[in-house]
Structure formats: structure tokens, C-alpha cells
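Student: Pasting a structure below so you can have a look.
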Amino acid sequence: MAQIRIENVRKEFGAFVAVRSSTFTIEDGEFFMLLGPSGCGKTTTLRMMAGLELPTSGQIYIDGEEVGMKPASQRDIAFVFQMFALYPHMNVGRNMSYPLLSQGMSKSDAQKKVIEVARILGIEDILNKPVGGLSGGDRQRVALGRAIVREPKAFFMDEPLGALDAEFREHMAEELRALHDRMGATTVYVTHDQLEALQMGDKIVVMNHGVVEQFGKPQDIYDWPATKFVAGFIGSPAMNFLDFEGMIGSGANSVDLSGHKVTVPRTRQGAKGKLTLGVRPEHIHFNDKSEYRGSVIATEYLGTTQIVTLKTPNGEVKARVPSHVSVTRDERIGLEFDARTLSVFEADKGHVLVSEANEGVLNHG
Ligand code: ATP
């Protein structure tokens with residue numbers, strides 16, 4: 001069990017800055033996702049927490065103790081890699097007992113521990129099998145088993161399911177999460193897959209170009225993105241951006257979108273100039289009475305819902321509506337937005353304006 005805190009952590013590789021002044025806390029027992037596109041610095045952040053990379057500046061604490069300069073071997077953590085490297089010449093049981101024996105545990109105690117963990121993972125039947133012929137899922141379970149037997153304070157996982165096909169990946173994701181819920185050990189998990197992060201994480205930190213854009217609970221991040229980057233990266237289809245030029249006074253609760261008044265959550269912050277209204281596809285509704293119209297460009301059938309792409313005076317939007325709603329190409333449709341769920345972003349830096357709806361959840365680190 002462990003609380004992990006990183007404070008103003010920065011990592012440079014020569015002149016290149018891979019991680020810029022990151023600060024966030026992972027609470028004891030959390031399943032914590034480091035999410036972002038390729039190259040954003042998530043693996044480097046994980047490696048610094050694990051002690052495989054030294055920060056250029058800043059502090060890392062595990063249970064309140066500064067560990068920035070402590071090597072991985074002294075941090076009492078376990079790393080689960082993407083390519084679950086197992087010892088090919090040893091059977092499953094030996095693969096799992098190896099870390100315990102090399103720590104000096106007796107053979108009989110190691111065996112007891114291995115059987116206990118194998119039960120949790122449902123692999124007690126294959127302990128005598130060579131690892132060579134195992135399926136991907138069993139290899140993953142053995143790799144996890146080898147990490148779990150040591151009872152580390154925390155698990156670090158770098159895209160552990162990245163090599164698996166989609167269906168199996170989903171199954172293993174559920175299994176991992178269930179295992180975590182049973183064991184309760186702090187887990188830090190790197191992924192570039194926003195859906196995986198939303199589904200599995202207690203908390204998510206979203207990174208971009210070495211910067212922590214936001215961290216918080218999945219639903220808070222989905223509902224109230226702190227930046228346009230987060231809004232566009234999370235959700236599928238992504239949040240729509242309706243660009244407009246105008247102003248919104250501090251305390252106001254509407255914006256003028258091409259001559260149409262759109263109600264938004266009351267702002268705490270005024271802004272003027274280039275602004276963007278952010279609206280999730282499921283928060284756009286068709287309403288004949290609305291004078292704000294879009295013409296249909298395309299539809300995509302998804303079973304119970306369909307995604308309708310429309311051209312509006314402020315750019316293209318995608319609306320998620322029930323499949324039984326019939327639409328035809330080029331049809332002009334009145335659009336209405338859920339007022340309670342809208343975000344307004346300033347265009348240049350892409351920060352969201354603080355409003356009465358999002359003020360409690362905007363953690364930038
Ligand atoms: P990916 O999912 O592609 O691994 P990531 O978000 O995990 O992406 P990092 O692996 O942390 O990204 O890398 C961040 C940046 O730092 C990348 O541009 C990478 O090329 C660079 N980088 C990482 N390790 C080193 C290194 N040892 N030397 C130089 N540059 C590095």
C-alpha cells in the first residue's frame with residue numbers, strides 16, 4: 001500500500017524537455033491512469049516514480065518519504081512491462097517463485113505464496129507447465145503473478161495490454177481491475193487509450209507535450225475538461241468545438257453564437273475575443289423550434305444510437321441521437337444544447353473558463 005506524490009517534477013534529455021513541472025498525488029490503493037498521446041511523457045513519468053529514471057528537478061514521495069534518488073530496487077514496487085518477459089526455460093511456478101527465492105525466502109514458504117497467488121489469478125492448474133506454450137492471457141497472468149508474490153507497495157504497468165487484440169484486451173482489462181479491487185494495492189498504469197483510462201481508472205492524469213493538462217476522476221474529466229486538448233482527447237466522438245468571436249462577462253450565463261443566444265453555466269471569469277463553445281455529441285438535441293440550424297453531411301449507424309455530422313455557422317458538429325430519428329442528407333435541422341453541460345474555452349491557450357459547473361474539479365497539477 002502506498003501514497004505516491006510527485007511535486008514539480010521535470011525531466012530533460014539533453015536540450016529536450018520530456019516532462020515539465022508535474023505535480024499530482026496518487027492516493028493509497030488507487031488505480032491511477034497516466035494518459036496521453038505517444039511521446040507526451042507518460043512512460044518517463046512512470047519510470048521516474050519507479051526509480052528507473054532520475055528527475056532533473058522536483059521531488060517524488062512514496063508514503064511521505066522522498067525517494068527521488070533511491071534506486072528502483074529499494075522502492076518496494078513492481079513493474080509489469082508490455083512485453084511480459086518470462087524466463088523461457090522455467091515453468092510457470094518457477095517463474096513466479098524466482099523473485100521470492102532470490103530474496104532469500106525458503107523454498108517451502110515460496111511455494112505456499114506462489115500457490116496462494118496462483119489461486120487468486122486462476123492459474124493453479126498450470127503451475128507445472130512450461131511458459132513457452134502459454135496463451136497471451138496466461139502469460140499475462142504469470143507475469144502479474146510474479147509481480148504480486150513479492151507483495152510490493154505499488155504496481156507500475158506500462159501499456160500491459162498493448163499487445164493484445166481488442167476483444168481479449170477488454171477481458172484482461174476487466175480481470176486486472178477486478179484483481180486490483182480484491183488486493184487494493186496502489187497501481188499506476190500507462191495508456192494512450194482514453195476509453196481504457198475511463199473504464200479502468202479511479203483517477204486519470206492527462207498529459208500532452210510533457211505537461212499535465214488535468215487530473216481527476218474519469219467522470220469529472222469527461223464532463224468538465226480543463227483544456228481544449230483534454231476535451232478533444234477524451235470521448236469518442238470527441239467534444240465538438242463551436243468557434244465564435246464575442247465576449248462573456250464575469251457572472252454571465254449565455255453566449256451569442258452567430259446571433260443565437262445559448263445558455264451556458266454561469267461563468268466566474270470574463271473573456272472576450274476568440275472563444276470556443278464545447279459540447280459533447282450526446283448533449284446536442286434536434287428541435288424544430290430552434291433557429292440555430294445545421295445541415296446534415298453524414299450519418300453513422302451505431303445500433304441504438306447514430307452519429308449525425310452537421311455543418312453549422314460555427315463549424316462542423318457531431319450529434320449522438322437515437323437511431324430511430326430519421327435524417328436525410330442536406331436536411332437542415334434545428335439544434336439545441338444541454339445548457340448545464342457546456343464548456344467555454346478561450347481560443348489561444350485553450351483553457352476552459354471557470355464556471356459554477358466546473359470550478360470544483362479543475363485540477364491542473
Ligand atoms: P509512448 O507511448 O510513445 O511511449 P510516452 O508518452 O510514454 O509515449 P515517453 O516515452 O515518456 O512518452 O517519451 C517522452 C519523450 O521523451 C519522447 O519524445 C521520447 O522520444 C523522449 N525520450 C524518452 N526517453 C528518452 C531518452 N532516454 N533519451 C532521449 N529522449 C527520450
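We name chains A, B, ... following the order of the C-alpha cells; residues begin at 1 in each chain, and ligands are numbered from 1 as shown.
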Can you list, as a VMD selection string, every protein, DNA or RNA residue that comes within 10 Å of stretch 339-356 of chain A when you count only C-alpha atoms, leaving out same-chain residues fewer than 2 positions away?
Tutor: chain A and resid 213 223 to 231 239 241 to 245 248 250 to 255 262 to 280 283 to 284 336 to 337 358 to 362
Student: Taking only C-alpha atoms and all ligand atoms into account, which residues have an atom no farther than 7 Å from ligand 1? I'd like them as JSON, numbers by chain.
Tutor: {"A": [13, 18, 36, 37, 38, 39, 40, 41, 42, 43, 44, 45, 192]}
Student: Let me see the file: selected residues, all heavy atoms, as a PDB file, in the first residue's frame.
Tutor:
```pdb
ATOM      1  N   PHE A  13      16.042  15.459 -21.426  1.00  0.00           N
ATOM      2  CA  PHE A  13      17.017  14.580 -22.092  1.00  0.00           C
ATOM      3  C   PHE A  13      17.836  15.520 -22.965  1.00  0.00           C
ATOM      4  O   PHE A  13      17.348  15.933 -24.024  1.00  0.00           O
ATOM      5  CB  PHE A  13      16.318  13.523 -22.945  1.00  0.00           C
ATOM      6  CG  PHE A  13      15.553  12.499 -22.135  1.00  0.00           C
ATOM      7  CD1 PHE A  13      14.171  12.481 -22.156  1.00  0.00           C
ATOM      8  CD2 PHE A  13      16.221  11.559 -21.359  1.00  0.00           C
ATOM      9  CE1 PHE A  13      13.459  11.537 -21.420  1.00  0.00           C
ATOM     10  CE2 PHE A  13      15.512  10.607 -20.620  1.00  0.00           C
ATOM     11  CZ  PHE A  13      14.131  10.599 -20.649  1.00  0.00           C
ATOM     12  N   ALA A  18      11.176  16.436 -21.626  1.00  0.00           N
ATOM     13  CA  ALA A  18      10.170  15.368 -21.784  1.00  0.00           C
ATOM     14  C   ALA A  18       9.016  15.546 -20.803  1.00  0.00           C
ATOM     15  O   ALA A  18       7.881  15.219 -21.112  1.00  0.00           O
ATOM     16  CB  ALA A  18      10.817  14.004 -21.577  1.00  0.00           C
ATOM     17  N   GLY A  36      -2.251   9.843 -22.353  1.00  0.00           N
ATOM     18  CA  GLY A  36      -1.870  10.902 -23.292  1.00  0.00           C
ATOM     19  C   GLY A  36      -1.369  10.294 -24.584  1.00  0.00           C
ATOM     20  O   GLY A  36      -1.144   9.078 -24.656  1.00  0.00           O
ATOM     21  N   PRO A  37      -1.188  11.129 -25.619  1.00  0.00           N
ATOM     22  CA  PRO A  37      -0.735  10.605 -26.904  1.00  0.00           C
ATOM     23  C   PRO A  37       0.732  10.178 -26.841  1.00  0.00           C
ATOM     24  O   PRO A  37       1.442  10.499 -25.888  1.00  0.00           O
ATOM     25  CB  PRO A  37      -0.906  11.800 -27.850  1.00  0.00           C
ATOM     26  CG  PRO A  37      -0.886  12.997 -26.964  1.00  0.00           C
ATOM     27  CD  PRO A  37      -1.423  12.576 -25.636  1.00  0.00           C
ATOM     28  N   SER A  38       1.160   9.476 -27.869  1.00  0.00           N
ATOM     29  CA  SER A  38       2.535   8.990 -27.939  1.00  0.00           C
ATOM     30  C   SER A  38       3.525  10.149 -27.767  1.00  0.00           C
ATOM     31  O   SER A  38       3.343  11.204 -28.373  1.00  0.00           O
ATOM     32  CB  SER A  38       2.719   8.317 -29.301  1.00  0.00           C
ATOM     33  OG  SER A  38       4.013   7.810 -29.360  1.00  0.00           O
ATOM     34  N   GLY A  39       4.512   9.938 -26.907  1.00  0.00           N
ATOM     35  CA  GLY A  39       5.566  10.943 -26.739  1.00  0.00           C
ATOM     36  C   GLY A  39       5.243  12.051 -25.754  1.00  0.00           C
ATOM     37  O   GLY A  39       6.032  12.979 -25.588  1.00  0.00           O
ATOM     38  N   CYS A  40       4.113  11.948 -25.042  1.00  0.00           N
ATOM     39  CA  CYS A  40       3.717  13.058 -24.150  1.00  0.00           C
ATOM     40  C   CYS A  40       4.463  13.033 -22.822  1.00  0.00           C
ATOM     41  O   CYS A  40       4.374  13.961 -22.035  1.00  0.00           O
ATOM     42  CB  CYS A  40       2.208  13.035 -23.892  1.00  0.00           C
ATOM     43  SG  CYS A  40       1.689  11.657 -22.840  1.00  0.00           S
ATOM     44  N   GLY A  41       5.186  11.946 -22.537  1.00  0.00           N
ATOM     45  CA  GLY A  41       5.983  11.896 -21.314  1.00  0.00           C
ATOM     46  C   GLY A  41       5.429  10.977 -20.235  1.00  0.00           C
ATOM     47  O   GLY A  41       5.905  10.972 -19.113  1.00  0.00           O
ATOM     48  N   LYS A  42       4.438  10.145 -20.579  1.00  0.00           N
ATOM     49  CA  LYS A  42       3.829   9.311 -19.538  1.00  0.00           C
ATOM     50  C   LYS A  42       4.763   8.189 -19.078  1.00  0.00           C
ATOM     51  O   LYS A  42       4.887   7.943 -17.882  1.00  0.00           O
ATOM     52  CB  LYS A  42       2.452   8.770 -19.959  1.00  0.00           C
ATOM     53  CG  LYS A  42       2.369   8.208 -21.346  1.00  0.00           C
ATOM     54  CD  LYS A  42       0.923   8.088 -21.802  1.00  0.00           C
ATOM     55  CE  LYS A  42       0.821   7.248 -23.068  1.00  0.00           C
ATOM     56  NZ  LYS A  42       1.599   7.792 -24.214  1.00  0.00           N
ATOM     57  N   THR A  43       5.454   7.537 -20.016  1.00  0.00           N
ATOM     58  CA  THR A  43       6.388   6.476 -19.616  1.00  0.00           C
ATOM     59  C   THR A  43       7.533   7.058 -18.795  1.00  0.00           C
ATOM     60  O   THR A  43       7.953   6.477 -17.791  1.00  0.00           O
ATOM     61  CB  THR A  43       6.933   5.755 -20.872  1.00  0.00           C
ATOM     62  OG1 THR A  43       5.850   5.076 -21.495  1.00  0.00           O
ATOM     63  CG2 THR A  43       8.000   4.736 -20.522  1.00  0.00           C
ATOM     64  N   THR A  44       8.019   8.213 -19.208  1.00  0.00           N
ATOM     65  CA  THR A  44       9.113   8.857 -18.461  1.00  0.00           C
ATOM     66  C   THR A  44       8.649   9.176 -17.035  1.00  0.00           C
ATOM     67  O   THR A  44       9.390   8.963 -16.064  1.00  0.00           O
ATOM     68  CB  THR A  44       9.565  10.140 -19.194  1.00  0.00           C
ATOM     69  OG1 THR A  44       9.934   9.782 -20.524  1.00  0.00           O
ATOM     70  CG2 THR A  44      10.740  10.790 -18.499  1.00  0.00           C
ATOM     71  N   THR A  45       7.420   9.649 -16.897  1.00  0.00           N
ATOM     72  CA  THR A  45       6.878   9.950 -15.560  1.00  0.00           C
ATOM     73  C   THR A  45       6.815   8.676 -14.718  1.00  0.00           C
ATOM     74  O   THR A  45       7.231   8.655 -13.558  1.00  0.00           O
ATOM     75  CB  THR A  45       5.464  10.577 -15.699  1.00  0.00           C
ATOM     76  OG1 THR A  45       5.572  11.745 -16.499  1.00  0.00           O
ATOM     77  CG2 THR A  45       4.880  10.942 -14.348  1.00  0.00           C
ATOM     78  N   HIS A 192      -2.371   4.989 -23.800  1.00  0.00           N
ATOM     79  CA  HIS A 192      -2.717   6.095 -24.698  1.00  0.00           C
ATOM     80  C   HIS A 192      -4.186   5.974 -25.105  1.00  0.00           C
ATOM     81  O   HIS A 192      -4.688   6.747 -25.893  1.00  0.00           O
ATOM     82  CB  HIS A 192      -1.803   6.094 -25.931  1.00  0.00           C
ATOM     83  CG  HIS A 192      -1.989   4.867 -26.777  1.00  0.00           C
ATOM     84  ND1 HIS A 192      -1.265   3.716 -26.585  1.00  0.00           N
ATOM     85  CD2 HIS A 192      -2.855   4.610 -27.768  1.00  0.00           C
ATOM     86  CE1 HIS A 192      -1.687   2.803 -27.436  1.00  0.00           C
ATOM     87  NE2 HIS A 192      -2.645   3.318 -28.171  1.00  0.00           N
TER      88      HIS A 192
END
```
Student: I'd like the contact shell of stretch 125-141 of chain A - 7 Å cut-off, only C-alpha atoms, skipping same-chain residues fewer than 2 positions apart - returned as a PDB file with all heavy atoms, in the first residue's frame.
Tutor:
```
ATOM      1  N   PHE A  84       5.510  -9.098 -21.647  1.00  0.00           N
ATOM      2  CA  PHE A  84       5.643  -9.762 -20.355  1.00  0.00           C
ATOM      3  C   PHE A  84       6.797 -10.755 -20.414  1.00  0.00           C
ATOM      4  O   PHE A  84       6.602 -11.916 -20.740  1.00  0.00           O
ATOM      5  CB  PHE A  84       4.367 -10.478 -19.931  1.00  0.00           C
ATOM      6  CG  PHE A  84       3.214 -10.281 -20.856  1.00  0.00           C
ATOM      7  CD1 PHE A  84       2.807 -11.277 -21.700  1.00  0.00           C
ATOM      8  CD2 PHE A  84       2.561  -9.058 -20.889  1.00  0.00           C
ATOM      9  CE1 PHE A  84       1.752 -11.090 -22.559  1.00  0.00           C
ATOM     10  CE2 PHE A  84       1.502  -8.864 -21.743  1.00  0.00           C
ATOM     11  CZ  PHE A  84       1.096  -9.875 -22.590  1.00  0.00           C
ATOM     12  N   PRO A  88      12.073 -18.205 -20.149  1.00  0.00           N
ATOM     13  CA  PRO A  88      11.533 -19.239 -21.021  1.00  0.00           C
ATOM     14  C   PRO A  88      11.904 -20.656 -20.589  1.00  0.00           C
ATOM     15  O   PRO A  88      11.166 -21.599 -20.852  1.00  0.00           O
ATOM     16  CB  PRO A  88      12.135 -18.916 -22.391  1.00  0.00           C
ATOM     17  CG  PRO A  88      13.310 -18.043 -22.120  1.00  0.00           C
ATOM     18  CD  PRO A  88      13.069 -17.364 -20.812  1.00  0.00           C
ATOM     19  N   MET A  90      12.067 -21.801 -17.561  1.00  0.00           N
ATOM     20  CA  MET A  90      11.464 -22.221 -16.283  1.00  0.00           C
ATOM     21  C   MET A  90       9.971 -22.432 -16.467  1.00  0.00           C
ATOM     22  O   MET A  90       9.355 -21.773 -17.295  1.00  0.00           O
ATOM     23  CB  MET A  90      11.629 -21.112 -15.237  1.00  0.00           C
ATOM     24  CG  MET A  90      13.045 -20.821 -14.851  1.00  0.00           C
ATOM     25  SD  MET A  90      13.006 -19.524 -13.582  1.00  0.00           S
ATOM     26  CE  MET A  90      14.736 -19.103 -13.503  1.00  0.00           C
ATOM     27  N   ASN A  91       9.376 -23.315 -15.669  1.00  0.00           N
ATOM     28  CA  ASN A  91       7.924 -23.489 -15.748  1.00  0.00           C
ATOM     29  C   ASN A  91       7.228 -22.325 -15.028  1.00  0.00           C
ATOM     30  O   ASN A  91       7.885 -21.448 -14.454  1.00  0.00           O
ATOM     31  CB  ASN A  91       7.502 -24.872 -15.228  1.00  0.00           C
ATOM     32  CG  ASN A  91       7.748 -25.031 -13.732  1.00  0.00           C
ATOM     33  OD1 ASN A  91       7.910 -24.045 -13.015  1.00  0.00           O
ATOM     34  ND2 ASN A  91       7.790 -26.272 -13.270  1.00  0.00           N
ATOM     35  N   VAL A  92       5.918 -22.358 -15.059  1.00  0.00           N
ATOM     36  CA  VAL A  92       5.140 -21.242 -14.506  1.00  0.00           C
ATOM     37  C   VAL A  92       5.461 -21.020 -13.023  1.00  0.00           C
ATOM     38  O   VAL A  92       5.741 -19.903 -12.581  1.00  0.00           O
ATOM     39  CB  VAL A  92       3.626 -21.512 -14.702  1.00  0.00           C
ATOM     40  CG1 VAL A  92       2.775 -20.533 -13.911  1.00  0.00           C
ATOM     41  CG2 VAL A  92       3.273 -21.455 -16.187  1.00  0.00           C
ATOM     42  N   GLY A  93       5.431 -22.098 -12.268  1.00  0.00           N
ATOM     43  CA  GLY A  93       5.680 -21.999 -10.824  1.00  0.00           C
ATOM     44  C   GLY A  93       7.045 -21.403 -10.525  1.00  0.00           C
ATOM     45  O   GLY A  93       7.176 -20.529  -9.660  1.00  0.00           O
ATOM     46  N   LEU A 121      -5.234 -15.723  -9.221  1.00  0.00           N
ATOM     47  CA  LEU A 121      -5.194 -15.455 -10.660  1.00  0.00           C
ATOM     48  C   LEU A 121      -5.840 -16.556 -11.499  1.00  0.00           C
ATOM     49  O   LEU A 121      -5.951 -16.432 -12.713  1.00  0.00           O
ATOM     50  CB  LEU A 121      -3.729 -15.293 -11.114  1.00  0.00           C
ATOM     51  CG  LEU A 121      -3.017 -14.043 -10.600  1.00  0.00           C
ATOM     52  CD1 LEU A 121      -1.518 -14.185 -10.785  1.00  0.00           C
ATOM     53  CD2 LEU A 121      -3.510 -12.798 -11.302  1.00  0.00           C
ATOM     54  N   ILE A 123      -4.616 -19.625 -11.984  1.00  0.00           N
ATOM     55  CA  ILE A 123      -3.630 -20.359 -12.795  1.00  0.00           C
ATOM     56  C   ILE A 123      -2.989 -21.510 -12.010  1.00  0.00           C
ATOM     57  O   ILE A 123      -1.909 -21.981 -12.362  1.00  0.00           O
ATOM     58  CB  ILE A 123      -2.519 -19.424 -13.354  1.00  0.00           C
ATOM     59  CG1 ILE A 123      -1.884 -18.595 -12.228  1.00  0.00           C
ATOM     60  CG2 ILE A 123      -3.063 -18.535 -14.458  1.00  0.00           C
ATOM     61  CD1 ILE A 123      -0.681 -17.770 -12.673  1.00  0.00           C
ATOM     62  N   ALA A 143       2.976 -13.213 -15.521  1.00  0.00           N
ATOM     63  CA  ALA A 143       3.792 -12.003 -15.307  1.00  0.00           C
ATOM     64  C   ALA A 143       3.250 -11.211 -14.111  1.00  0.00           C
ATOM     65  O   ALA A 143       4.009 -10.724 -13.273  1.00  0.00           O
ATOM     66  CB  ALA A 143       3.792 -11.139 -16.562  1.00  0.00           C
ATOM     67  N   LEU A 144       1.935 -11.143 -14.029  1.00  0.00           N
ATOM     68  CA  LEU A 144       1.317 -10.441 -12.891  1.00  0.00           C
ATOM     69  C   LEU A 144       1.605 -11.191 -11.600  1.00  0.00           C
ATOM     70  O   LEU A 144       1.949 -10.592 -10.587  1.00  0.00           O
ATOM     71  CB  LEU A 144      -0.204 -10.378 -13.073  1.00  0.00           C
ATOM     72  CG  LEU A 144      -0.724  -9.260 -13.930  1.00  0.00           C
ATOM     73  CD1 LEU A 144      -2.226  -9.447 -14.160  1.00  0.00           C
ATOM     74  CD2 LEU A 144      -0.490  -7.932 -13.224  1.00  0.00           C
ATOM     75  N   GLY A 145       1.473 -12.525 -11.693  1.00  0.00           N
ATOM     76  CA  GLY A 145       1.712 -13.365 -10.517  1.00  0.00           C
ATOM     77  C   GLY A 145       3.119 -13.144  -9.987  1.00  0.00           C
ATOM     78  O   GLY A 145       3.332 -13.025  -8.780  1.00  0.00           O
TER      79      GLY A 145
END
```
Student: Kindly indicate which residue among A:Glu53, A:Glu300, A:Asp202, A:Glu27 lies nearest to A:Arg10, using only C-alpha atoms for the distances.
Tutor: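 With only C-alpha atoms as the atom set, the closest residue is A:Glu53.
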Student: In terms of the shortest atom-to-atom distance over only C-alpha atoms, which of A:Ser326, A:Arg332, A:Arg146, A:Gly58 is closest to A:Ile297?
Tutor: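 Nearest to A:Ile297: A:Arg332.
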Student: I'd like the contact shell of A:Glu316 - 9 Å cut-off, only C-alpha atoms, skipping same-chain residues fewer than 3 positions apart - returned as a VMD selection string.
Tutor: chain A and resid 240 to 242 294 297 309 to 313
Student: Quick one: residues within 6 Å of stretch 156-163 of chain A, only C-alpha atoms, excluding same-chain residues fewer than 4 positions away - as a list in words?
Tutor: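 Listing them by chain and then by number gives Phe79, Val80, Phe81, Gln82, Arg169, Thr187, Val188, Tyr189, Val190 and Thr191 of chain A.
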Student: Which residue is closest to A:Gly210? Choose from A:Leu35, A:Leu198, A:Val325, A:Ala2 and count only C-alpha atoms.
Tutor: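 Comparing A:Leu35, A:Leu198, A:Val325, A:Ala2 against A:Gly210, the winner is A:Leu35.
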Student: Using DSSP on the backbone, list every residue of stretch 84-259 of chain A that comes out as alpha helix (DSSP H), and give them as a ChimeraX atom specification.
Tutor: /A:92-102,107-121,136-148,166-183,194-200,218-223,228-233
Student: May I ask for the distance between atom CA of A:Arg119 and atom CA of A:Gln3, given in Å to one decimal place?
Tutor: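 Going from atom CA of A:Arg119 over to atom CA of A:Gln3 covers 27.5 Å.
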Student: For the atom pair atom CA of A:Thr328 and atom CA of A:Pro237, what is the interatomic distance in Å to one decimal place?
Tutor: 20.5 Å
Student: Between A:Val149, A:Met33, A:Leu164, A:Ile62, which has the minimum distance to A:Tyr98 (counting only C-alpha atoms)?
Tutor: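 When distances to A:Tyr98 are compared using only C-alpha atoms, the smallest one comes from A:Val149.
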Student: Using DSSP on the backbone coordinates, identify the residues of stretch 89-309 of chain A assigned to strand (DSSP E or B); present them as a ChimeraX atom specification.
Tutor: /A:91,130,154-158,186-191,203-208,211-216,227,240-248,254-257,260-263,267,271-279,284-286,293-301,305-309
Student: Pick from A:Val308, A:Val321, A:Leu52, A:Val212: nearest to A:Gln74, with only C-alpha atoms counted?
Tutor: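 The closest residue to A:Gln74 is A:Leu52.
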Student: Work out how far atom CA of A:Ser22 is from atom CA of A:Ile77, in Å to one decimal.
Tutor: 20.9 Å
Student: Need the shell around A:Lys112: protein/DNA/RNA residues with any atom at most 12 Å away, counting only C-alpha atoms. Skip same-chain ones fewer than 2 positions apart. Format as a PyMOL selection string?
Tutor: chain A and resi 93+96-97+100+105-110+114-119+124+149
